[in-house]
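S.K.: Once you've had a glance at the structure underneath, I'll fire off some questions.
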Amino acid sequence: MLSLLQKHPEAKFRAIYGTSAEKDDYDSIQVLKDYASKIHLVQAKHSRAMNIEKLVQCSEQVKFELTDESSNSLFENVIDSGDIKKTLSFALEQSLASKENEVIVIVGSFYLMAEVRQSLGFKDEADPIF
């Protein structure tokens with residue numbers, strides 16, 4: 001995050017966050033809230049991904065603990081049960097429509113990356129067995 005801040009000192013960060021079930025989502029979201037102007041929660045299509053309902057629960061706890069006005073606008077509504085492709089598309093639309101200088105940051109688990117890359121049009125080689 002520090003290298004992004006150095007590279008884009010004037011930017012606002014729009015985060016797309018999903019993680020694996022065994023990670024500490026609360027601590028991760030606590031860090032994200034200090035840097036992100038918006039947070040989109042997603043769930044990877046992977047058996048070890050954290051359930052979107054658990055992420056939403058955690059976001060509600062973080063919102064409850066915030067005392068400033070940003071708590072109401074920090075988290076975007078979950079799109080289609082945390083669908084990565086639809087959420088990424090929405091985040092891109094919102095970022096382009098914003099008058100802010102925004103950088104979209106995708107954080108959390110590596111389980112997200114295959115879906116994110118596919119959504120962005122990357123053609124990665126896959127094992128033909130799977």
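So you can find residues: chains in the structure tokens are A, B, ... in the order shown, residues in each start at 1, and ligands are numbered from 1 in order.
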Show which residues sit within 7 Å of Ser119 in chain A, as a PyMOL selection string. Count only C-alpha atoms, and ignore same-chain residues fewer than 3 positions away.
M.R.: chain A and resi 85+115-116
S.K.: Keeping all heavy atoms, export the residues of the selection given above as a PDB file, in the first residue's frame.
M.R.:
```pdb
ATOM      1  N   LYS A  85     -16.666 -10.539 -11.388  1.00  0.00           N
ATOM      2  CA  LYS A  85     -16.741  -9.888 -12.698  1.00  0.00           C
ATOM      3  C   LYS A  85     -17.698  -8.696 -12.667  1.00  0.00           C
ATOM      4  O   LYS A  85     -17.363  -7.607 -13.140  1.00  0.00           O
ATOM      5  CB  LYS A  85     -17.182 -10.892 -13.761  1.00  0.00           C
ATOM      6  CG  LYS A  85     -17.201 -10.318 -15.151  1.00  0.00           C
ATOM      7  CD  LYS A  85     -17.509 -11.371 -16.188  1.00  0.00           C
ATOM      8  CE  LYS A  85     -17.407 -10.754 -17.575  1.00  0.00           C
ATOM      9  NZ  LYS A  85     -17.473 -11.750 -18.621  1.00  0.00           N
ATOM     10  N   GLU A 115     -10.090 -14.995 -11.494  1.00  0.00           N
ATOM     11  CA  GLU A 115     -11.355 -14.404 -11.953  1.00  0.00           C
ATOM     12  C   GLU A 115     -11.173 -12.948 -12.373  1.00  0.00           C
ATOM     13  O   GLU A 115     -11.768 -12.508 -13.351  1.00  0.00           O
ATOM     14  CB  GLU A 115     -12.407 -14.487 -10.852  1.00  0.00           C
ATOM     15  CG  GLU A 115     -12.947 -15.885 -10.634  1.00  0.00           C
ATOM     16  CD  GLU A 115     -13.971 -15.918  -9.523  1.00  0.00           C
ATOM     17  OE1 GLU A 115     -15.071 -15.356  -9.707  1.00  0.00           O
ATOM     18  OE2 GLU A 115     -13.654 -16.500  -8.463  1.00  0.00           O
ATOM     19  N   VAL A 116     -10.358 -12.221 -11.639  1.00  0.00           N
ATOM     20  CA  VAL A 116     -10.106 -10.819 -11.985  1.00  0.00           C
ATOM     21  C   VAL A 116      -9.417 -10.744 -13.349  1.00  0.00           C
ATOM     22  O   VAL A 116      -9.831  -9.978 -14.226  1.00  0.00           O
ATOM     23  CB  VAL A 116      -9.244 -10.128 -10.904  1.00  0.00           C
ATOM     24  CG1 VAL A 116      -8.726  -8.779 -11.386  1.00  0.00           C
ATOM     25  CG2 VAL A 116     -10.042  -9.983  -9.615  1.00  0.00           C
TER      26      VAL A 116
END
```
S.K.: Quick one: residues within 12 Å of Met1 in chain A, only C-alpha atoms counted, chain neighbours fewer than 6 positions away excluded, as a PyMOL selection string?
M.R.: chain A and resi 7-9+13+15+31-32+34-36+103-107
S.K.: Given only C-alpha atoms as the basis, pick out the residue of A:Tyr111, A:Leu92, A:Ala11, A:Leu120 nearest to Lys45 in chain A.
M.R.: A:Tyr111
S.K.: Out of chain A, which residues get helix (DSSP H, G or I) from DSSP, as a ChimeraX atom specification?
M.R.: /A:2-7,25-33,52-65,69-72,80-82,84-97,110-119
S.K.: In Å, rounded to a single decimal, give me how far CA of Lys33 in chain A is from CA of Gln94 in chain A.
M.R.: 18.3 Å
S.K.: Going by DSSP on the backbone, which residues of chain A come out as strand (DSSP E or B)? List them as an mmCIF file with N, CA, C and O atoms, in the first residue's frame.
M.R.:
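Okay, this is what ended up in out.cif:
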```cif
data_model
loop_
_atom_site.group_PDB
_atom_site.id
_atom_site.type_symbol
_atom_site.label_atom_id
_atom_site.label_comp_id
_atom_site.auth_asym_id
_atom_site.auth_seq_id
_atom_site.Cartn_x
_atom_site.Cartn_y
_atom_site.Cartn_z
ATOM 1 N N LYS A 12 -7.310 8.645 -4.876
ATOM 2 C CA LYS A 12 -8.180 7.947 -3.930
ATOM 3 C C LYS A 12 -8.143 6.483 -4.343
ATOM 4 O O LYS A 12 -8.048 6.166 -5.526
ATOM 5 N N PHE A 13 -8.235 5.602 -3.373
ATOM 6 C CA PHE A 13 -8.157 4.181 -3.659
ATOM 7 C C PHE A 13 -9.517 3.522 -3.495
ATOM 8 O O PHE A 13 -10.153 3.654 -2.459
ATOM 9 N N ARG A 14 -9.942 2.827 -4.538
ATOM 10 C CA ARG A 14 -11.179 2.055 -4.545
ATOM 11 C C ARG A 14 -10.749 0.598 -4.457
ATOM 12 O O ARG A 14 -10.114 0.076 -5.367
ATOM 13 N N ALA A 15 -11.075 -0.058 -3.352
ATOM 14 C CA ALA A 15 -10.595 -1.423 -3.107
ATOM 15 C C ALA A 15 -11.663 -2.455 -3.423
ATOM 16 O O ALA A 15 -12.836 -2.271 -3.112
ATOM 17 N N ILE A 16 -11.225 -3.538 -4.037
ATOM 18 C CA ILE A 16 -12.048 -4.730 -4.227
ATOM 19 C C ILE A 16 -11.409 -5.786 -3.341
ATOM 20 O O ILE A 16 -10.239 -6.123 -3.513
ATOM 21 N N TYR A 17 -12.184 -6.269 -2.373
ATOM 22 C CA TYR A 17 -11.612 -7.138 -1.344
ATOM 23 C C TYR A 17 -12.389 -8.440 -1.199
ATOM 24 O O TYR A 17 -13.598 -8.459 -1.047
ATOM 25 N N GLY A 18 -11.650 -9.524 -1.236
ATOM 26 C CA GLY A 18 -12.162 -10.854 -0.929
ATOM 27 C C GLY A 18 -11.006 -11.651 -0.366
ATOM 28 O O GLY A 18 -9.840 -11.344 -0.637
ATOM 29 N N SER A 20 -9.638 -15.600 1.754
ATOM 30 C CA SER A 20 -9.903 -17.012 2.019
ATOM 31 C C SER A 20 -10.523 -17.149 3.407
ATOM 32 O O SER A 20 -10.381 -16.271 4.259
ATOM 33 N N ALA A 36 -8.704 3.287 1.795
ATOM 34 C CA ALA A 36 -9.658 3.243 0.688
ATOM 35 C C ALA A 36 -10.793 4.241 0.888
ATOM 36 O O ALA A 36 -11.282 4.433 2.004
ATOM 37 N N SER A 37 -11.206 4.860 -0.203
ATOM 38 C CA SER A 37 -12.376 5.740 -0.152
ATOM 39 C C SER A 37 -13.650 4.923 -0.362
ATOM 40 O O SER A 37 -14.729 5.311 0.065
ATOM 41 N N LYS A 38 -13.528 3.785 -1.033
ATOM 42 C CA LYS A 38 -14.637 2.853 -1.266
ATOM 43 C C LYS A 38 -14.099 1.436 -1.163
ATOM 44 O O LYS A 38 -12.976 1.156 -1.596
ATOM 45 N N ILE A 39 -14.924 0.534 -0.619
ATOM 46 C CA ILE A 39 -14.556 -0.878 -0.541
ATOM 47 C C ILE A 39 -15.695 -1.711 -1.117
ATOM 48 O O ILE A 39 -16.845 -1.570 -0.706
ATOM 49 N N HIS A 40 -15.350 -2.556 -2.088
ATOM 50 C CA HIS A 40 -16.289 -3.496 -2.695
ATOM 51 C C HIS A 40 -15.921 -4.889 -2.186
ATOM 52 O O HIS A 40 -14.771 -5.311 -2.325
ATOM 53 N N LEU A 41 -16.874 -5.599 -1.625
ATOM 54 C CA LEU A 41 -16.627 -6.948 -1.124
ATOM 55 C C LEU A 41 -17.010 -7.974 -2.177
ATOM 56 O O LEU A 41 -18.044 -7.838 -2.840
ATOM 57 N N ALA A 49 -12.660 -19.921 -0.364
ATOM 58 C CA ALA A 49 -12.976 -18.494 -0.272
ATOM 59 C C ALA A 49 -13.897 -18.222 0.911
ATOM 60 O O ALA A 49 -14.744 -19.044 1.261
ATOM 61 N N PHE A 75 -18.415 1.397 2.312
ATOM 62 C CA PHE A 75 -18.657 0.109 1.666
ATOM 63 C C PHE A 75 -19.743 0.247 0.606
ATOM 64 O O PHE A 75 -20.827 0.756 0.877
ATOM 65 N N GLU A 102 -8.969 8.246 -9.146
ATOM 66 C CA GLU A 102 -9.073 6.982 -8.420
ATOM 67 C C GLU A 102 -8.178 5.906 -9.008
ATOM 68 O O GLU A 102 -8.004 5.817 -10.220
ATOM 69 N N VAL A 103 -7.680 5.070 -8.117
ATOM 70 C CA VAL A 103 -6.931 3.877 -8.489
ATOM 71 C C VAL A 103 -7.688 2.694 -7.891
ATOM 72 O O VAL A 103 -8.040 2.708 -6.713
ATOM 73 N N ILE A 104 -7.971 1.699 -8.729
ATOM 74 C CA ILE A 104 -8.638 0.497 -8.239
ATOM 75 C C ILE A 104 -7.569 -0.484 -7.783
ATOM 76 O O ILE A 104 -6.644 -0.808 -8.524
ATOM 77 N N VAL A 105 -7.717 -0.944 -6.543
ATOM 78 C CA VAL A 105 -6.767 -1.873 -5.952
ATOM 79 C C VAL A 105 -7.528 -3.152 -5.610
ATOM 80 O O VAL A 105 -8.549 -3.101 -4.926
ATOM 81 N N ILE A 106 -7.027 -4.275 -6.091
ATOM 82 C CA ILE A 106 -7.653 -5.562 -5.807
ATOM 83 C C ILE A 106 -6.789 -6.254 -4.767
ATOM 84 O O ILE A 106 -5.619 -6.519 -4.995
ATOM 85 N N VAL A 107 -7.391 -6.492 -3.604
ATOM 86 C CA VAL A 107 -6.629 -7.020 -2.476
ATOM 87 C C VAL A 107 -7.358 -8.183 -1.816
ATOM 88 O O VAL A 107 -8.548 -8.357 -1.983
ATOM 89 N N GLY A 108 -6.583 -8.950 -1.074
ATOM 90 C CA GLY A 108 -7.150 -10.068 -0.331
ATOM 91 C C GLY A 108 -6.390 -11.340 -0.623
ATOM 92 O O GLY A 108 -5.225 -11.462 -0.307
#
```
S.K.: Record the distance separating CA of Gln57 in chain A and CA of Gln118 in chain A, expressed in Å with one decimal.
M.R.: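 Taking CA of Gln57 in chain A and CA of Gln118 in chain A, their separation equals 28.0 Å.
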S.K.: Quick check, in Å to one decimal: how far apart do CA of Ser28 in chain A and CA of Glu93 in chain A lie?
M.R.: 25.0 Å
S.K.: Measuring between only C-alpha atoms, which one of A:Leu88, A:Ile29, A:Ala114, A:Ala97 shows the shortest distance to Val62 in chain A?
M.R.: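 Result for the nearest residue to Val62 in chain A: A:Ile29.
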S.K.: Find the residues near Lys63 in chain A: any atom within 12 Å, counting only C-alpha atoms, skip ones fewer than 2 places away on the same chain, and give them as a list of chain:residue names.
M.R.: A:Tyr26, A:Ile29, A:Gln30, A:Lys33, A:Ile39, A:Val56, A:Gln57, A:Cys58, A:Ser59, A:Glu60, A:Gln61, A:Glu65, A:Leu66, A:Thr67, A:Asp68, A:Glu69, A:Ser70, A:Ser71, A:Asn72, A:Ser73, A:Leu74, A:Phe75, A:Glu76
S.K.: Those same residues - N, CA and C atoms - I'd like them written as an mmCIF file, in the first residue's frame.
M.R.:
```
data_model
loop_
_atom_site.group_PDB
_atom_site.id
_atom_site.type_symbol
_atom_site.label_atom_id
_atom_site.label_comp_id
_atom_site.auth_asym_id
_atom_site.auth_seq_id
_atom_site.Cartn_x
_atom_site.Cartn_y
_atom_site.Cartn_z
ATOM 1 N N TYR A 26 -11.435 -9.154 9.594
ATOM 2 C CA TYR A 26 -11.604 -7.942 10.393
ATOM 3 C C TYR A 26 -10.343 -7.074 10.361
ATOM 4 N N ILE A 29 -9.812 -5.551 6.848
ATOM 5 C CA ILE A 29 -10.727 -4.440 6.556
ATOM 6 C C ILE A 29 -10.368 -3.219 7.399
ATOM 7 N N GLN A 30 -9.874 -3.436 8.606
ATOM 8 C CA GLN A 30 -9.428 -2.308 9.439
ATOM 9 C C GLN A 30 -8.302 -1.540 8.745
ATOM 10 N N LYS A 33 -9.756 0.312 5.479
ATOM 11 C CA LYS A 33 -10.582 1.495 5.739
ATOM 12 C C LYS A 33 -9.740 2.757 5.923
ATOM 13 N N ILE A 39 -14.924 0.534 -0.619
ATOM 14 C CA ILE A 39 -14.556 -0.878 -0.541
ATOM 15 C C ILE A 39 -15.695 -1.711 -1.117
ATOM 16 N N VAL A 56 -19.641 -9.378 4.769
ATOM 17 C CA VAL A 56 -20.616 -8.311 5.007
ATOM 18 C C VAL A 56 -20.792 -8.095 6.512
ATOM 19 N N GLN A 57 -20.870 -9.182 7.266
ATOM 20 C CA GLN A 57 -20.971 -9.077 8.725
ATOM 21 C C GLN A 57 -19.796 -8.284 9.296
ATOM 22 N N CYS A 58 -18.629 -8.599 8.827
ATOM 23 C CA CYS A 58 -17.431 -7.910 9.295
ATOM 24 C C CYS A 58 -17.478 -6.428 8.916
ATOM 25 N N SER A 59 -17.917 -6.141 7.702
ATOM 26 C CA SER A 59 -18.002 -4.734 7.274
ATOM 27 C C SER A 59 -18.995 -3.967 8.134
ATOM 28 N N GLU A 60 -20.083 -4.623 8.527
ATOM 29 C CA GLU A 60 -21.067 -3.975 9.400
ATOM 30 C C GLU A 60 -20.448 -3.651 10.756
ATOM 31 N N GLN A 61 -19.628 -4.549 11.256
ATOM 32 C CA GLN A 61 -18.951 -4.314 12.535
ATOM 33 C C GLN A 61 -17.998 -3.123 12.415
ATOM 34 N N GLU A 65 -18.157 0.703 14.281
ATOM 35 C CA GLU A 65 -17.066 1.245 15.096
ATOM 36 C C GLU A 65 -16.574 2.603 14.595
ATOM 37 N N LEU A 66 -16.864 2.925 13.348
ATOM 38 C CA LEU A 66 -16.425 4.215 12.812
ATOM 39 C C LEU A 66 -17.298 5.327 13.381
ATOM 40 N N THR A 67 -16.690 6.431 13.672
ATOM 41 C CA THR A 67 -17.447 7.530 14.269
ATOM 42 C C THR A 67 -17.665 8.687 13.309
ATOM 43 N N ASP A 68 -17.012 8.669 12.182
ATOM 44 C CA ASP A 68 -17.175 9.793 11.255
ATOM 45 C C ASP A 68 -18.208 9.468 10.177
ATOM 46 N N GLU A 69 -18.486 10.444 9.360
ATOM 47 C CA GLU A 69 -19.507 10.298 8.325
ATOM 48 C C GLU A 69 -19.121 9.315 7.227
ATOM 49 N N SER A 70 -17.856 9.011 7.078
ATOM 50 C CA SER A 70 -17.410 8.117 6.011
ATOM 51 C C SER A 70 -17.944 6.702 6.168
ATOM 52 N N SER A 71 -18.373 6.352 7.384
ATOM 53 C CA SER A 71 -18.841 4.986 7.621
ATOM 54 C C SER A 71 -20.039 4.638 6.759
ATOM 55 N N ASN A 72 -20.857 5.613 6.410
ATOM 56 C CA ASN A 72 -22.042 5.353 5.602
ATOM 57 C C ASN A 72 -21.722 5.147 4.129
ATOM 58 N N SER A 73 -20.626 5.674 3.676
ATOM 59 C CA SER A 73 -20.319 5.587 2.247
ATOM 60 C C SER A 73 -19.081 4.763 1.932
ATOM 61 N N LEU A 74 -18.439 4.195 2.940
ATOM 62 C CA LEU A 74 -17.192 3.459 2.717
ATOM 63 C C LEU A 74 -17.409 2.171 1.928
ATOM 64 N N PHE A 75 -18.415 1.397 2.312
ATOM 65 C CA PHE A 75 -18.657 0.109 1.666
ATOM 66 C C PHE A 75 -19.743 0.247 0.606
ATOM 67 N N GLU A 76 -19.434 -0.232 -0.593
ATOM 68 C CA GLU A 76 -20.436 -0.266 -1.660
ATOM 69 C C GLU A 76 -21.349 -1.465 -1.433
#
```
S.K.: So, counting only C-alpha atoms, which residue among A:Leu112, A:Ser3, A:Glu10, A:Phe90 is closest to Met50 in chain A?
M.R.: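 Ranking A:Leu112, A:Ser3, A:Glu10, A:Phe90 by distance to Met50 in chain A, first place goes to A:Leu112.
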